[in-house]
Structures are given as C-alpha cells and as structure tokens.
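Dropping protein13.csv in here (CSV, C-alpha atoms and all ligand atoms):
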chain,number,residue,atom,x,y,z
A,1,MET,CA,189.6,185.7,199.3
A,2,LYS,CA,193.4,185.3,199.8
A,3,MET,CA,194.7,187.2,202.8
A,4,LYS,CA,197.0,190.1,202.1
A,5,VAL,CA,199.9,191.3,204.2
A,6,ILE,CA,200.4,195.0,204.0
A,7,GLN,CA,203.3,197.1,205.3
A,8,THR,CA,202.3,200.7,204.5
A,9,ILE,CA,199.5,202.9,205.6
A,10,LYS,CA,198.9,204.1,202.0
A,11,GLU,CA,198.3,200.6,200.7
A,12,LEU,CA,196.1,199.7,203.6
A,13,ARG,CA,194.0,202.8,203.0
A,14,THR,CA,193.6,202.0,199.3
A,15,GLU,CA,192.5,198.4,200.1
A,16,LEU,CA,190.0,199.6,202.7
A,17,LYS,CA,188.6,202.3,200.5
A,18,GLN,CA,187.4,199.7,198.1
A,19,PHE,CA,185.7,197.7,200.9
A,20,ARG,CA,184.1,200.8,202.3
A,21,GLU,CA,182.7,201.8,198.9
A,22,GLU,CA,181.1,198.3,198.7
A,23,GLY,CA,179.4,199.0,202.0
A,24,LYS,CA,181.3,196.2,203.8
A,25,LEU,CA,181.4,196.0,207.6
A,26,ILE,CA,185.0,196.3,208.8
A,27,GLY,CA,186.2,194.5,212.0
A,28,PHE,CA,189.6,195.2,213.5
A,29,VAL,CA,191.9,193.2,215.9
A,30,PRO,CA,195.0,195.2,217.0
A,31,THR,CA,197.8,192.9,218.2
A,32,MET,CA,201.5,192.9,218.9
A,33,GLY,CA,201.9,189.5,217.3
A,34,ALA,CA,203.2,186.3,218.9
A,35,LEU,CA,199.6,185.2,218.4
A,36,HIS,CA,198.0,182.5,220.4
A,37,GLU,CA,194.5,181.0,220.8
A,38,GLY,CA,193.4,184.1,222.7
A,39,HIS,CA,194.1,186.3,219.7
A,40,ALA,CA,192.6,183.5,217.4
A,41,SER,CA,189.3,183.8,219.4
A,42,LEU,CA,189.2,187.6,218.8
A,43,VAL,CA,189.8,187.1,215.1
A,44,ARG,CA,187.1,184.3,214.9
A,45,ARG,CA,184.6,186.6,216.6
A,46,ALA,CA,185.6,189.5,214.2
A,47,VAL,CA,185.2,187.2,211.2
A,48,ALA,CA,181.8,186.1,212.4
A,49,GLU,CA,180.5,189.6,212.9
A,50,ASN,CA,182.1,191.5,209.9
A,51,ASP,CA,182.6,191.3,206.2
A,52,VAL,CA,186.2,192.2,206.3
A,53,VAL,CA,188.7,191.7,209.1
A,54,VAL,CA,192.0,193.7,209.5
A,55,VAL,CA,194.5,192.4,212.0
A,56,SER,CA,197.5,194.6,212.9
A,57,VAL,CA,200.7,193.1,214.0
A,58,PHE,CA,203.0,195.7,215.5
A,59,VAL,CA,205.2,195.7,218.6
A,60,ASN,CA,204.5,199.3,219.7
A,61,PRO,CA,207.7,200.7,221.2
A,62,THR,CA,205.9,203.7,222.9
A,63,GLN,CA,204.0,201.4,225.3
A,64,PHE,CA,207.1,199.7,226.7
A,65,ASN,CA,208.4,201.4,229.8
A,66,ASP,CA,211.1,198.7,230.1
A,67,SER,CA,213.4,198.6,227.1
A,68,ASN,CA,214.5,195.0,228.1
A,69,ASP,CA,210.9,193.9,227.8
A,70,LEU,CA,210.6,195.5,224.3
A,71,VAL,CA,213.8,193.7,223.1
A,72,LYS,CA,212.6,190.4,224.5
A,73,TYR,CA,209.0,190.6,223.2
A,74,PRO,CA,208.5,187.6,220.9
A,75,ARG,CA,208.3,188.4,217.1
A,76,THR,CA,206.9,185.6,215.0
A,77,LEU,CA,205.3,187.3,211.9
A,78,GLU,CA,205.4,184.2,209.7
A,79,ALA,CA,203.7,181.9,212.2
A,80,ASP,CA,201.2,184.8,213.0
A,81,CYS,CA,200.2,185.1,209.3
A,82,ARG,CA,199.6,181.3,209.1
A,83,LEU,CA,197.3,181.5,212.0
A,84,LEU,CA,195.5,184.6,210.7
A,85,GLU,CA,195.0,183.0,207.2
A,86,LYS,CA,193.5,179.9,208.8
A,87,GLU,CA,191.1,182.0,210.9
A,88,GLY,CA,189.9,183.9,207.9
A,89,ALA,CA,191.5,187.4,208.3
A,90,THR,CA,191.3,189.6,205.2
A,91,LEU,CA,194.2,192.0,205.7
A,92,VAL,CA,197.2,191.8,208.0
A,93,PHE,CA,198.8,195.2,208.7
A,94,ALA,CA,202.4,194.7,209.7
A,95,PRO,CA,204.1,198.1,209.5
A,96,SER,CA,207.7,199.1,210.5
A,97,VAL,CA,208.3,201.5,213.5
A,98,GLU,CA,209.3,204.2,211.0
A,99,GLU,CA,206.0,203.8,209.1
A,100,MET,CA,204.0,204.3,212.3
A,101,TYR,CA,206.2,206.9,213.9
A,102,PRO,CA,208.1,208.9,211.3
A,103,GLU,CA,208.3,211.5,214.0
A,104,PRO,CA,208.0,210.9,217.7
A,105,ASP,CA,204.4,210.9,218.9
A,106,THR,CA,204.1,213.8,221.3
A,107,ARG,CA,200.4,213.4,222.0
A,108,ARG,CA,199.5,212.9,225.7
A,109,PHE,CA,196.4,211.0,226.8
A,110,HIS,CA,195.2,211.5,230.4
A,111,TYR,CA,192.3,209.4,231.6
A,112,ALA,CA,192.8,209.6,235.3
A,113,PRO,CA,191.8,207.9,237.5
A,114,LEU,CA,191.5,205.0,235.1
A,115,ASP,CA,195.1,205.2,233.9
A,116,THR,CA,196.8,206.1,237.2
A,117,VAL,CA,196.0,203.0,239.1
A,118,MET,CA,197.4,199.4,238.8
A,119,GLU,CA,199.3,199.0,235.5
A,120,GLY,CA,199.3,202.8,235.2
A,121,LYS,CA,201.1,203.1,238.5
A,122,TYR,CA,203.6,200.3,237.9
A,123,ARG,CA,204.2,201.0,234.2
A,124,PRO,CA,204.3,204.8,233.9
A,125,GLY,CA,203.6,205.9,230.3
A,126,HIS,CA,202.3,202.5,229.2
A,127,PHE,CA,198.7,203.5,228.6
A,128,ASN,CA,199.8,206.7,226.9
A,129,GLY,CA,201.7,204.5,224.4
A,130,VAL,CA,198.7,202.2,224.0
A,131,CYS,CA,196.4,205.2,223.3
A,132,GLN,CA,198.9,206.6,220.9
A,133,ILE,CA,199.0,203.5,218.8
A,134,VAL,CA,195.4,202.4,219.1
A,135,SER,CA,194.1,205.9,218.2
A,136,LYS,CA,196.5,206.0,215.1
A,137,LEU,CA,195.3,202.5,214.1
A,138,PHE,CA,191.7,203.5,214.5
A,139,LEU,CA,192.3,206.6,212.3
A,140,ILE,CA,193.9,204.5,209.6
A,141,VAL,CA,191.6,201.5,209.6
A,142,GLU,CA,188.3,203.3,210.5
A,143,PRO,CA,186.8,200.0,211.7
A,144,HIS,CA,183.1,199.6,212.6
A,145,TYR,CA,184.1,197.1,215.4
A,146,ALA,CA,187.4,196.6,217.3
A,147,TYR,CA,188.0,193.6,219.4
A,148,PHE,CA,190.1,193.5,222.6
A,149,GLY,CA,190.7,190.7,225.2
A,150,GLU,CA,189.5,191.1,228.8
A,151,LYS,CA,192.8,189.8,230.1
A,152,ASP,CA,194.1,193.4,229.7
A,153,PHE,CA,191.1,194.5,231.7
A,154,GLN,CA,192.4,198.0,232.4
A,155,GLN,CA,193.5,198.5,228.8
A,156,LEU,CA,190.0,197.7,227.6
A,157,ALA,CA,188.5,200.3,230.1
A,158,ILE,CA,190.9,203.0,229.0
A,159,ILE,CA,190.3,202.3,225.3
A,160,ARG,CA,186.6,202.6,225.9
A,161,GLU,CA,187.1,205.9,227.6
A,162,MET,CA,189.4,207.2,224.8
A,163,VAL,CA,186.8,206.3,222.2
A,164,ALA,CA,184.0,208.0,224.2
A,165,ARG,CA,186.0,211.1,224.9
A,166,LEU,CA,187.3,211.5,221.3
A,167,ASP,CA,183.9,210.5,219.8
A,168,MET,CA,185.5,207.9,217.7
A,169,PRO,CA,183.0,206.1,215.5
A,170,VAL,CA,184.0,202.6,216.5
A,171,GLN,CA,182.3,200.0,218.7
A,172,ILE,CA,184.6,198.4,221.2
A,173,VAL,CA,184.0,194.7,221.8
A,174,GLY,CA,185.5,193.1,224.9
A,175,CYS,CA,186.1,189.3,224.6
A,176,PRO,CA,186.6,186.8,227.5
A,177,ILE,CA,190.0,185.6,228.7
A,178,VAL,CA,191.1,182.4,227.0
A,179,ARG,CA,192.8,179.9,229.3
A,180,GLU,CA,194.9,176.7,228.9
A,181,GLU,CA,193.1,173.7,230.2
A,182,ASP,CA,195.0,174.0,233.5
A,183,GLY,CA,193.8,177.5,233.9
A,184,LEU,CA,196.8,179.6,232.8
A,185,ALA,CA,195.6,182.7,231.0
A,186,LEU,CA,197.0,182.8,227.5
A,187,SER,CA,199.6,185.5,226.9
A,188,SER,CA,202.4,186.1,224.4
A,189,ARG,CA,204.7,186.4,227.4
A,190,ASN,CA,204.0,182.7,228.4
A,191,ALA,CA,206.4,181.8,225.6
A,192,ARG,CA,209.2,183.2,227.8
A,193,LEU,CA,208.4,180.9,230.8
A,194,SER,CA,210.6,177.9,231.4
A,195,ALA,CA,208.9,174.6,232.1
A,196,GLU,CA,209.4,175.2,235.8
A,197,ASP,CA,208.2,178.8,235.7
A,198,ARG,CA,205.1,177.6,233.9
A,199,THR,CA,204.3,175.2,236.7
A,200,HIS,CA,204.8,178.0,239.2
A,201,ALA,CA,202.5,180.3,237.2
A,202,LEU,CA,199.6,178.0,237.6
A,203,ALA,CA,199.2,179.2,241.1
A,204,ILE,CA,198.0,182.6,239.8
A,205,SER,CA,194.8,181.4,238.1
A,206,ARG,CA,194.3,178.7,240.8
A,207,THR,CA,194.4,181.4,243.5
A,208,LEU,CA,192.0,183.6,241.7
A,209,PHE,CA,189.5,180.8,241.2
A,210,ASP,CA,189.9,179.7,244.9
A,211,SER,CA,189.4,183.3,245.9
A,212,LEU,CA,186.1,183.4,244.0
A,213,THR,CA,184.7,180.6,246.2
A,214,TYR,CA,186.2,182.2,249.3
A,215,SER,CA,184.7,185.6,248.5
A,216,LYS,CA,181.2,184.2,248.7
A,217,THR,CA,181.5,184.0,252.5
A,218,HIS,CA,184.2,186.6,253.2
A,219,THR,CA,184.7,190.3,253.0
A,220,VAL,CA,186.6,192.3,250.4
A,221,ALA,CA,189.5,192.8,252.9
A,222,GLU,CA,189.6,189.1,253.8
A,223,THR,CA,189.6,188.1,250.1
A,224,GLN,CA,192.5,190.6,249.5
A,225,THR,CA,194.5,188.9,252.3
A,226,PHE,CA,193.6,185.4,251.0
A,227,VAL,CA,195.1,186.2,247.5
A,228,GLU,CA,198.1,188.0,248.9
A,229,LYS,CA,198.9,185.1,251.3
A,230,ALA,CA,198.4,182.4,248.7
A,231,ILE,CA,200.8,184.1,246.2
A,232,ALA,CA,203.4,184.9,248.9
A,233,GLU,CA,203.4,181.2,249.8
A,234,ALA,CA,203.5,180.0,246.2
A,235,GLU,CA,206.9,178.9,244.9
A,236,GLY,CA,208.6,181.1,242.3
A,237,LEU,CA,206.1,183.9,242.3
A,238,GLU,CA,206.3,187.5,243.4
A,239,LEU,CA,203.2,189.6,243.7
A,240,GLU,CA,203.4,193.1,242.3
A,241,TYR,CA,199.8,194.0,243.1
A,242,PHE,CA,196.3,192.5,243.6
A,243,GLU,CA,193.5,195.0,243.6
A,244,LEU,CA,189.7,194.5,244.1
A,245,VAL,CA,188.1,197.2,242.0
A,246,ASP,CA,184.9,198.4,240.6
A,247,GLY,CA,185.0,197.1,237.0
A,248,ASN,CA,183.8,200.5,235.5
A,249,THR,CA,185.8,203.0,237.5
A,250,LEU,CA,188.8,200.7,238.4
A,251,GLN,CA,188.8,202.3,241.9
A,252,LYS,CA,189.3,200.0,244.9
A,253,ILE,CA,186.2,198.8,246.6
A,254,SER,CA,185.9,198.1,250.3
A,255,SER,CA,182.7,196.1,250.4
A,256,TRP,CA,180.9,193.8,248.0
A,257,ASP,CA,177.7,196.0,248.2
A,258,GLU,CA,179.5,199.0,246.8
A,259,THR,CA,179.2,197.8,243.2
A,260,ASP,CA,177.5,195.3,241.0
A,261,TYR,CA,180.7,194.8,239.0
A,262,ALA,CA,183.6,193.7,241.2
A,263,VAL,CA,186.9,192.5,239.5
A,264,GLY,CA,190.2,191.4,241.0
A,265,CYS,CA,193.2,192.4,239.0
A,266,ILE,CA,196.6,190.8,239.6
A,267,THR,CA,200.1,191.2,238.4
A,268,VAL,CA,202.8,188.7,239.4
A,269,TYR,CA,206.4,188.2,238.4
A,270,CYS,CA,207.1,184.6,237.6
A,271,GLY,CA,210.9,184.5,237.3
A,272,GLU,CA,211.6,187.5,235.0
A,273,VAL,CA,208.3,187.3,233.3
A,274,ARG,CA,205.5,189.7,234.3
A,275,LEU,CA,202.1,188.1,234.1
A,276,ILE,CA,198.7,189.6,234.5
A,277,ASP,CA,195.3,188.0,235.1
A,278,ASN,CA,191.9,189.0,236.5
A,279,ILE,CA,188.7,187.5,237.7
A,280,LYS,CA,185.1,188.8,238.1
A,281,TYR,CA,183.6,188.4,241.5
A,282,LYS,CA,180.4,190.2,240.5
A,283,GLU,CA,179.2,191.1,237.1
A,284,CYS,CA,176.4,193.3,236.0
A,285,LEU,CA,174.7,191.4,233.1
B,301,LIG,O1,197.0,194.4,223.8
B,301,LIG,C1,197.9,194.6,223.0
B,301,LIG,O2,198.4,193.6,222.4
B,301,LIG,C2,198.4,196.0,222.7
B,301,LIG,O3,198.4,196.7,223.9
B,301,LIG,C3,197.7,196.7,221.6
B,301,LIG,C4,196.2,196.9,222.0
B,301,LIG,C5,197.7,195.8,220.3
B,301,LIG,C6,198.3,198.0,221.3
B,301,LIG,O4,199.7,197.9,220.9
Please express the file's structure as structure tokens.
Ligand code: PAF
Amino acid sequence: MKMKVIQTIKELRTELKQFREEGKLIGFVPTMGALHEGHASLVRRAVAENDVVVVSVFVNPTQFNDSNDLVKYPRTLEADCRLLEKEGATLVFAPSVEEMYPEPDTRRFHYAPLDTVMEGKYRPGHFNGVCQIVSKLFLIVEPHYAYFGEKDFQQLAIIREMVARLDMPVQIVGCPIVREEDGLALSSRNARLSAEDRTHALAISRTLFDSLTYSKTHTVAETQTFVEKAIAEAEGLELEYFELVDGNTLQKISSWDETDYAVGCITVYCGEVRLIDNIKYKECL
C-alpha cells in the first residue's frame, strides 16, 4: 500500500475509520520529525506488531520552554517521508500548528512528583506541552499501540501515567535507546553538533557505561560523584543534572537495595546543544 501524507485531522479520521471498520490493528509513532535510526526502530516495531502504522511529524510548540530551541529544531519533512515509506508506515500525519491549535490549549496536566523532577525542574511547562499534544494525537488517531523511545525516559513514565489516569484505551510500548556504534545516543539534536562537539559528546555515554561497571562495587553516592567528576573533567561538556532514580517513581534513591529498577538520567550541554541520555543500573525483568 502506498504511504499517504495527510495534513488535516478530518482527512486522517476518514482514513482511519475505514481501517477500524475492517478490524485492523492501529499502531502509532508520534514524532517531531528530523527522523533517525532511533525513530526508524520504533516504526519497524510498530509495523511488525500492527496492520496499519500512523506516524505523526509535528514540532509541537507548546513543549518548548526555550523559543530559540523551537526555532532551531530541525525540520526535514521530505527526508522523513522517504524514511517512513521505506520502513512501511501507512499514514504520515504532518499537520500545521493552526490545525493542531486553532485556539491556545489551556489544559493543564499535573503528574507530580513524576513531572516536577529532572526535565520537569529544568524545563518548566515542557511535560504539560507533551501531554497536551500526545493526548490530542491519541484522541485523533485512537491507536491500539503507541511507541516511544526510552531515551526520553521521564517522558515515557509521564505518558504511561497520563494514559492510566485518563483511562485512555491505548497500550504504551517503550523501546530501547538506539546508539551510534561509538555509543552516542541517537537524537534529532545531534544534527546540530559540530564535528568537535560530537567528539566531546561521546564522553556522555562513555561515562554512563563506565559508571555501570563502577556501580557494581560502589554505593549510589559514590556512583553519583563518579559521573559528576567525569563530566566536569570532560572537554566541552557542562552537566545540567545527573540523577540516580527509581525507574517507576523517578524519585532519587540513596541505596541500591531500595529498588529493583535503578536508572541514571543525565542532561548535558555540549556547546549550545542540550543532550539527554540514561542508563539502567538495575532492571526488574
Ligand atoms: O519525543 C518526542 O519527539 C515528542 O516529545 C513527542 C512525543 C512526539 C511529542 O511532541
């Protein structure tokens, strides 16, 4: 089936009505475009697990607390569509800002303490914007399954919470971080790194991997210091935060015994580019 690119909610609903009547399973991958192998892995999984796959490409203004970041966010719809067609997406939904927000969205989502720590603390309003757009998209697409990357670990936890609290009939599927061969976590923001910045950025994933080994014989506090020191000593990087948290509650842990799901979440400025990454120290399987 030839992939269709759709700009309006009305047209998307008409297309999806047909599929729903035929009893098709609908998978959904929300994105902000500038697609890379990380997104491709989400789309591949969605294609493998559903009959129809919708991918949205929309740079959502309400989740940017920094207007400069919004302006600089890469927009590459043509290349995105080529990748999506190759991966077997059925429908691409690429609406305008006016289509999604004919009026300002005044809804407020509060999922404290999940949304008040880490990114919630440093990017006030960010998760409110994410919940505004994701809830709208879920209401339009009404997917059976929706796919999100674990790189945005806190976002995934908050979306799961939103879906549970609002009883939304969608299954959220978290998918592993995709990394370059040298360890750098894939991100649309990597496109903004100079060659020199990119070399500097490698210290982020390297530090996280080293800290995993270190954590086997050291306490939470020692592991925290290990990461902070390594990033402070690395060239061209500035640490915003590194937190060792329980992967379900996102609250800081003080000992490894406290949880069976321990995750380290990091945000680092590399030049002007803000990069996030995370690593699991303990995972409940
Ligand atoms: O993770 C992203 O790319 C965005 O936050 C999302 C989920 C597409 C909402 O705009």
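The nearest approach to ligand LIG 301 (chain B) among the residues A:His126, A:Arg45, A:Arg75, A:His218, with only C-alpha atoms and all ligand atoms taken into account, belongs to A:His126.
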TODO: Quick one: everything within 12 Å of Phe58 in chain A, counting all atoms listed in the file, minus sequence neighbours fewer than 5 positions away in the same chain. Send it as a VMD selection string.
DONE: chain A and resid 6 to 7 29 to 35 63 70 73 to 77 80 92 to 101 130 133 to 134 137
TODO: May I ask which of the residues A:Cys270, A:Ala164, A:Val54, A:Val170 is the closest one to Thr199 in chain A, counting all atoms listed in the file?
DONE: A:Cys270
Skipping near chain neighbours, those fewer than 3 positions away, what residues fall within 8 Å of Glu37 in chain A using only C-alpha atoms, listed as a PDB file with C-alpha atoms, keeping the file's coordinate frame?
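Saved as result_15.pdb:
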ATOM      1  CA  ALA A  40     192.600 183.500 217.400  1.00  0.00           C
ATOM      2  CA  SER A  41     189.300 183.800 219.400  1.00  0.00           C
ATOM      3  CA  VAL A 178     191.100 182.400 227.000  1.00  0.00           C
ATOM      4  CA  LEU A 186     197.000 182.800 227.500  1.00  0.00           C
TER       5      LEU A 186
END
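The shortest atom-to-atom distance to ligand LIG 301 (chain B), with all atoms listed in the file taken into account, belongs to A:His36 out of A:Arg192, A:Arg108, A:His36, A:Lys72.
For the choices A:Ile266, A:Ala157, A:Leu83, A:Val273, the atom-to-atom distance to Val55 in chain A is smallest for A:Leu83 when using all atoms listed in the file.
CA of Tyr241 in chain A is found 5.5 Å from CA of Thr267 in chain A.
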Residues of range 209-273 of chain A that have any atom at most 9 Å from an atom of range 111-124 of chain A: could you tabulate them with the shortest-distance atom pair and the distance in Å to one decimal, using only C-alpha atoms, ordered by chain and increasing number, as a Markdown table?
| residue | atom | partner | partner_atom | distance |
| --- | --- | --- | --- | --- |
| A:Glu240 | CA | A:Tyr122 | CA | 8.4 |
| A:Tyr241 | CA | A:Met118 | CA | 7.3 |
| A:Phe242 | CA | A:Met118 | CA | 8.5 |
| A:Glu243 | CA | A:Met118 | CA | 7.6 |
| A:Asn248 | CA | A:Leu114 | CA | 8.9 |
| A:Thr249 | CA | A:Leu114 | CA | 6.5 |
| A:Leu250 | CA | A:Leu114 | CA | 6.1 |
| A:Gln251 | CA | A:Pro113 | CA | 7.7 |
| A:Cys265 | CA | A:Met118 | CA | 8.2 |
| A:Ile266 | CA | A:Met118 | CA | 8.7 |
| A:Thr267 | CA | A:Glu119 | CA | 8.4 |
Take the residues that were just selected and, keeping C-alpha atoms, output them as a short mmCIF file (atom, residue, chain, number, x, y, z; two decimals), in the frame of the given file.
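Output saved as again_21.cif:
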data_model
loop_
_atom_site.label_atom_id
_atom_site.label_comp_id
_atom_site.auth_asym_id
_atom_site.auth_seq_id
_atom_site.Cartn_x
_atom_site.Cartn_y
_atom_site.Cartn_z
CA GLU A 240 203.40 193.10 242.30
CA TYR A 241 199.80 194.00 243.10
CA PHE A 242 196.30 192.50 243.60
CA GLU A 243 193.50 195.00 243.60
CA ASN A 248 183.80 200.50 235.50
CA THR A 249 185.80 203.00 237.50
CA LEU A 250 188.80 200.70 238.40
CA GLN A 251 188.80 202.30 241.90
CA CYS A 265 193.20 192.40 239.00
CA ILE A 266 196.60 190.80 239.60
CA THR A 267 200.10 191.20 238.40
#
TODO: Check the smallest atom-to-atom distance from each of A:Ala234, A:Ile159, A:Ala48, A:Val5 to ligand LIG 301 (chain B) using only C-alpha atoms and all ligand atoms, then report the winner.
DONE: A:Ile159
TODO: Write out as a ChimeraX atom specification the residues lying within 8 Å of range 276-278 of chain A, counting all atoms listed in the file and excluding same-chain residues fewer than 4 positions away.
DONE: /A:151-153,185,204-205,208,263-268
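If all atoms listed in the file are the atoms counted, then among A:Glu150, A:Glu283, A:Glu85, A:Glu161 the closest residue to ligand LIG 301 (chain B) is A:Glu150.
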Task: For CA of Gln154 in chain A and CA of Asp197 in chain A, the interatomic separation in Å (one decimal) - done: 25.1 Å
TODO: Please return, as a VMD selection string, all polymer residues that have at least one atom within 8 Å of the point (181.7, 195.5, 238.2); use only C-alpha atoms and the file's own coordinate frame.
DONE: chain A and resid 245 to 248 259 to 263 280 282 to 284
Open item on the list: Which residues are near Ala221 in chain A? Cut-off 10 Å, only C-alpha atoms, ignore same chain within fewer than 5 positions. Put them as a VMD selection string.
Closed with: chain A and resid 215 226 244 253 to 256
Suppose we keep C-alpha atoms; can you now write the selection as an mmCIF file, in the coordinates of the input?
data_model
loop_
_atom_site.group_PDB
_atom_site.id
_atom_site.type_symbol
_atom_site.label_atom_id
_atom_site.label_comp_id
_atom_site.auth_asym_id
_atom_site.auth_seq_id
_atom_site.Cartn_x
_atom_site.Cartn_y
_atom_site.Cartn_z
ATOM 1 C CA SER A 215 184.700 185.600 248.500
ATOM 2 C CA PHE A 226 193.600 185.400 251.000
ATOM 3 C CA LEU A 244 189.700 194.500 244.100
ATOM 4 C CA ILE A 253 186.200 198.800 246.600
ATOM 5 C CA SER A 254 185.900 198.100 250.300
ATOM 6 C CA SER A 255 182.700 196.100 250.400
ATOM 7 C CA TRP A 256 180.900 193.800 248.000
#
